[in-house]
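Scroll down for the structure; my scribbles are underneath it.
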Amino acid sequence: MTVIETTPQPRERILRAAADLLAEGGREAVSTRSVSAAAGVQAQTIYRQFGDMQGLLDEVARRGLAAYLADKKANLTAGDPVEQLRSGWDLHVAFGLANPALYRLLYTDPRPGEGAAAMDEAYGILVQLVTRVAETGRLRMGIEAAAAMIHSTGIGVTVTLIGAAAAGRLAEHEGLSESTRDAVLAALVTDAERAAPVEDPRAARARHAVALKALLDEGGEERSFTPGEHLLLTEWLTRLVSATAPGDAA
């Protein structure tokens with residue numbers, strides 16, 4: 001049997017060339033001339049396929065995030081949600097260290113486009129995980145505030161480690177990601193059973209208000225409350241959280 005090798009189509013060659021150049025030399029290495037030469041196409045072909053270089057970079061970013069997002073989605077439904085947040089943090093940092101140029105493109109030079117849409121999807125998965133924690137009654141503050149804290153701190157740690165790796169000093173930061181992760185989660189999450197006997201009553205009220213609001217936001221309460229009642233209850237819960245817990249309202 002004869003195996004016929006086929007040459008990838010121009011679009012695929014362009015994407016591979018841009019991804020390779022980005023990985024090897026960073027954003028500055030991805031130019032019309034360098035991509036054209038590496039892919040064996042004319043510059044007009046790039047613009048015809050992607051509109052402009054930013055469109056090409058957006059598609060490279062979207063593809064680069066695809067496997068990462070698949071792993072995050074697989075982490076959404078089963079097991080303890082706090083452990084899922086912990087493993088999600090580790091997955092994020094590992095992705096950045098394995099793809100430093102792509103990570104910088106996504107998180108330190110964000111622009112509108114497909115890449116930004118993929119980042120929104122990644123953040124949405126984080127919010128879903130935090131919501132699952134809230135539904136168990138273990139979240140100390142509002143969902144959006146907690147998700148923003150995890151997101152921003154995780155990016156800061158990852159960028160720090162990427163810079164350290166580039167300078168050959170990664171060993172000096174051993175344990176940084178794990179200790180920061182655990183400190184952030186300790187500030188956001190409580191073990192309801194162990195904390196209950198000594199927990200401040202105001203903190204307990206806020207924690208349960210966050211849980212109830214998260215469950216109401218899941219829907220299915222239309223037959224229990226009128227729209228006006230549902231809105232009023234949500235406002236009361238939001239006010240209770242903001243008045244008794246650190247951070248913003250749920």
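Labels used: A, B, ... for chains in the order of the structure tokens, numbers from 1 for residues in each chain, and numbers from 1 for ligands as shown.
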message: For Gln84 (chain A), find every residue with an atom within 12 Å (counting only C-alpha atoms), except residues of its own chain fewer than 4 positions away, and show them as a PyMOL selection string.
response: chain A and resi 71-80+88-91+125-126+128-133+185
query: Leaving out Arg13 (chain A) and any residue of its chain fewer than 6 positions from it, which residues lie within 12 Å of it when counting only C-alpha atoms, given as JSON, numbers by chain?
result: {"A": [7, 19, 20, 35, 36, 37, 38, 39, 40, 41, 42, 45, 46, 49, 56, 60]}
Selection from above, N, CA, C and O atoms, as a PDB file, in the first residue's frame, can you write it?
ATOM      1  N   THR A   7       0.877  17.885   1.390  1.00  0.00           N
ATOM      2  CA  THR A   7       1.404  19.124   1.948  1.00  0.00           C
ATOM      3  C   THR A   7       0.275  19.902   2.601  1.00  0.00           C
ATOM      4  O   THR A   7      -0.801  20.049   2.003  1.00  0.00           O
ATOM      5  N   ALA A  19       3.205  29.978  15.037  1.00  0.00           N
ATOM      6  CA  ALA A  19       3.325  29.381  16.372  1.00  0.00           C
ATOM      7  C   ALA A  19       4.775  29.052  16.690  1.00  0.00           C
ATOM      8  O   ALA A  19       5.253  29.285  17.810  1.00  0.00           O
ATOM      9  N   ASP A  20       5.502  28.513  15.723  1.00  0.00           N
ATOM     10  CA  ASP A  20       6.909  28.179  15.935  1.00  0.00           C
ATOM     11  C   ASP A  20       7.746  29.434  16.168  1.00  0.00           C
ATOM     12  O   ASP A  20       8.607  29.474  17.070  1.00  0.00           O
ATOM     13  N   VAL A  35       6.967  35.138   8.783  1.00  0.00           N
ATOM     14  CA  VAL A  35       5.939  34.108   8.613  1.00  0.00           C
ATOM     15  C   VAL A  35       5.853  33.685   7.157  1.00  0.00           C
ATOM     16  O   VAL A  35       5.739  32.491   6.841  1.00  0.00           O
ATOM     17  N   SER A  36       5.911  34.648   6.246  1.00  0.00           N
ATOM     18  CA  SER A  36       5.856  34.338   4.818  1.00  0.00           C
ATOM     19  C   SER A  36       6.985  33.400   4.424  1.00  0.00           C
ATOM     20  O   SER A  36       6.786  32.404   3.722  1.00  0.00           O
ATOM     21  N   ALA A  37       8.198  33.703   4.901  1.00  0.00           N
ATOM     22  CA  ALA A  37       9.358  32.890   4.555  1.00  0.00           C
ATOM     23  C   ALA A  37       9.245  31.489   5.150  1.00  0.00           C
ATOM     24  O   ALA A  37       9.517  30.487   4.470  1.00  0.00           O
ATOM     25  N   ALA A  38       8.840  31.396   6.416  1.00  0.00           N
ATOM     26  CA  ALA A  38       8.762  30.103   7.084  1.00  0.00           C
ATOM     27  C   ALA A  38       7.651  29.225   6.518  1.00  0.00           C
ATOM     28  O   ALA A  38       7.780  27.996   6.454  1.00  0.00           O
ATOM     29  N   ALA A  39       6.550  29.858   6.100  1.00  0.00           N
ATOM     30  CA  ALA A  39       5.411  29.094   5.590  1.00  0.00           C
ATOM     31  C   ALA A  39       5.481  28.869   4.091  1.00  0.00           C
ATOM     32  O   ALA A  39       4.713  28.072   3.538  1.00  0.00           O
ATOM     33  N   GLY A  40       6.385  29.585   3.411  1.00  0.00           N
ATOM     34  CA  GLY A  40       6.499  29.444   1.974  1.00  0.00           C
ATOM     35  C   GLY A  40       5.311  30.027   1.228  1.00  0.00           C
ATOM     36  O   GLY A  40       4.837  29.441   0.249  1.00  0.00           O
ATOM     37  N   VAL A  41       4.812  31.179   1.697  1.00  0.00           N
ATOM     38  CA  VAL A  41       3.669  31.825   1.049  1.00  0.00           C
ATOM     39  C   VAL A  41       3.982  33.302   0.836  1.00  0.00           C
ATOM     40  O   VAL A  41       4.929  33.842   1.411  1.00  0.00           O
ATOM     41  N   GLN A  42       3.181  33.939   0.009  1.00  0.00           N
ATOM     42  CA  GLN A  42       3.279  35.370  -0.181  1.00  0.00           C
ATOM     43  C   GLN A  42       2.574  36.105   0.965  1.00  0.00           C
ATOM     44  O   GLN A  42       1.667  35.563   1.601  1.00  0.00           O
ATOM     45  N   THR A  45      -1.166  36.232   1.033  1.00  0.00           N
ATOM     46  CA  THR A  45      -1.885  35.038   1.493  1.00  0.00           C
ATOM     47  C   THR A  45      -2.219  35.152   2.974  1.00  0.00           C
ATOM     48  O   THR A  45      -3.306  34.741   3.418  1.00  0.00           O
ATOM     49  N   ILE A  46      -1.308  35.693   3.758  1.00  0.00           N
ATOM     50  CA  ILE A  46      -1.567  35.873   5.195  1.00  0.00           C
ATOM     51  C   ILE A  46      -2.757  36.795   5.398  1.00  0.00           C
ATOM     52  O   ILE A  46      -3.678  36.501   6.167  1.00  0.00           O
ATOM     53  N   GLN A  49      -6.065  35.199   4.390  1.00  0.00           N
ATOM     54  CA  GLN A  49      -6.535  34.160   5.309  1.00  0.00           C
ATOM     55  C   GLN A  49      -6.966  34.717   6.677  1.00  0.00           C
ATOM     56  O   GLN A  49      -7.906  34.219   7.281  1.00  0.00           O
ATOM     57  N   LEU A  56      -3.974  36.824  12.701  1.00  0.00           N
ATOM     58  CA  LEU A  56      -3.165  35.604  12.746  1.00  0.00           C
ATOM     59  C   LEU A  56      -2.782  35.269  14.178  1.00  0.00           C
ATOM     60  O   LEU A  56      -2.895  34.120  14.614  1.00  0.00           O
ATOM     61  N   VAL A  60      -3.573  31.923  16.467  1.00  0.00           N
ATOM     62  CA  VAL A  60      -2.510  31.160  17.129  1.00  0.00           C
ATOM     63  C   VAL A  60      -2.808  31.031  18.621  1.00  0.00           C
ATOM     64  O   VAL A  60      -2.667  29.949  19.211  1.00  0.00           O
TER      65      VAL A  60
END
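Taking CA of Thr108 (chain A) and CA of Val189 (chain A) as the two end points, the separation is 28.2 Å.
Take CA of Thr238 (chain A) and CA of Thr226 (chain A): the distance between them is 18.2 Å.
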task: From region 121-161 of chain A, collect each residue whose DSSP state is helix (DSSP H, G or I) and return the set as a ChimeraX atom specification.
output: /A:121-135,143-161
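For the set A:Pro81, A:Pro10, A:Gly124, A:Gly168, the residue with the smallest atom-to-atom gap to Thr136 (chain A) is A:Pro81, counting only C-alpha atoms.
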field: For Tyr107 (chain A): contacts at 12 Å, only C-alpha atoms, fewer than 5 positions along chain excluded, given as a PyMOL selection string
entry: chain A and resi 61+65+92+96+99-102+115-116+118-120+122-123+151-152+154-156+158-159
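Among the candidates A:Gly51, A:Arg104, A:Ala167, A:Leu188, the one nearest to Ile150 (chain A) when counting only C-alpha atoms is A:Leu188.
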message: I'd like to know which of A:Leu15, A:Arg169, A:Ala183, A:Val127 is closest to Gly55 (chain A), using only C-alpha atoms.
response: A:Leu15
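Put simply, CA of Leu105 (chain A) is 7.0 Å away from CA of Arg27 (chain A).
Proximity of A:Ala43, A:Leu69, A:Leu97, A:Ala134 to Leu170 (chain A), computed with only C-alpha atoms, is greatest for A:Leu97.
Distances here use only C-alpha atoms; by that measure, the residue among A:Leu139, A:Ala98, A:Leu231, A:Val93 closest to Ala166 (chain A) is A:Ala98.
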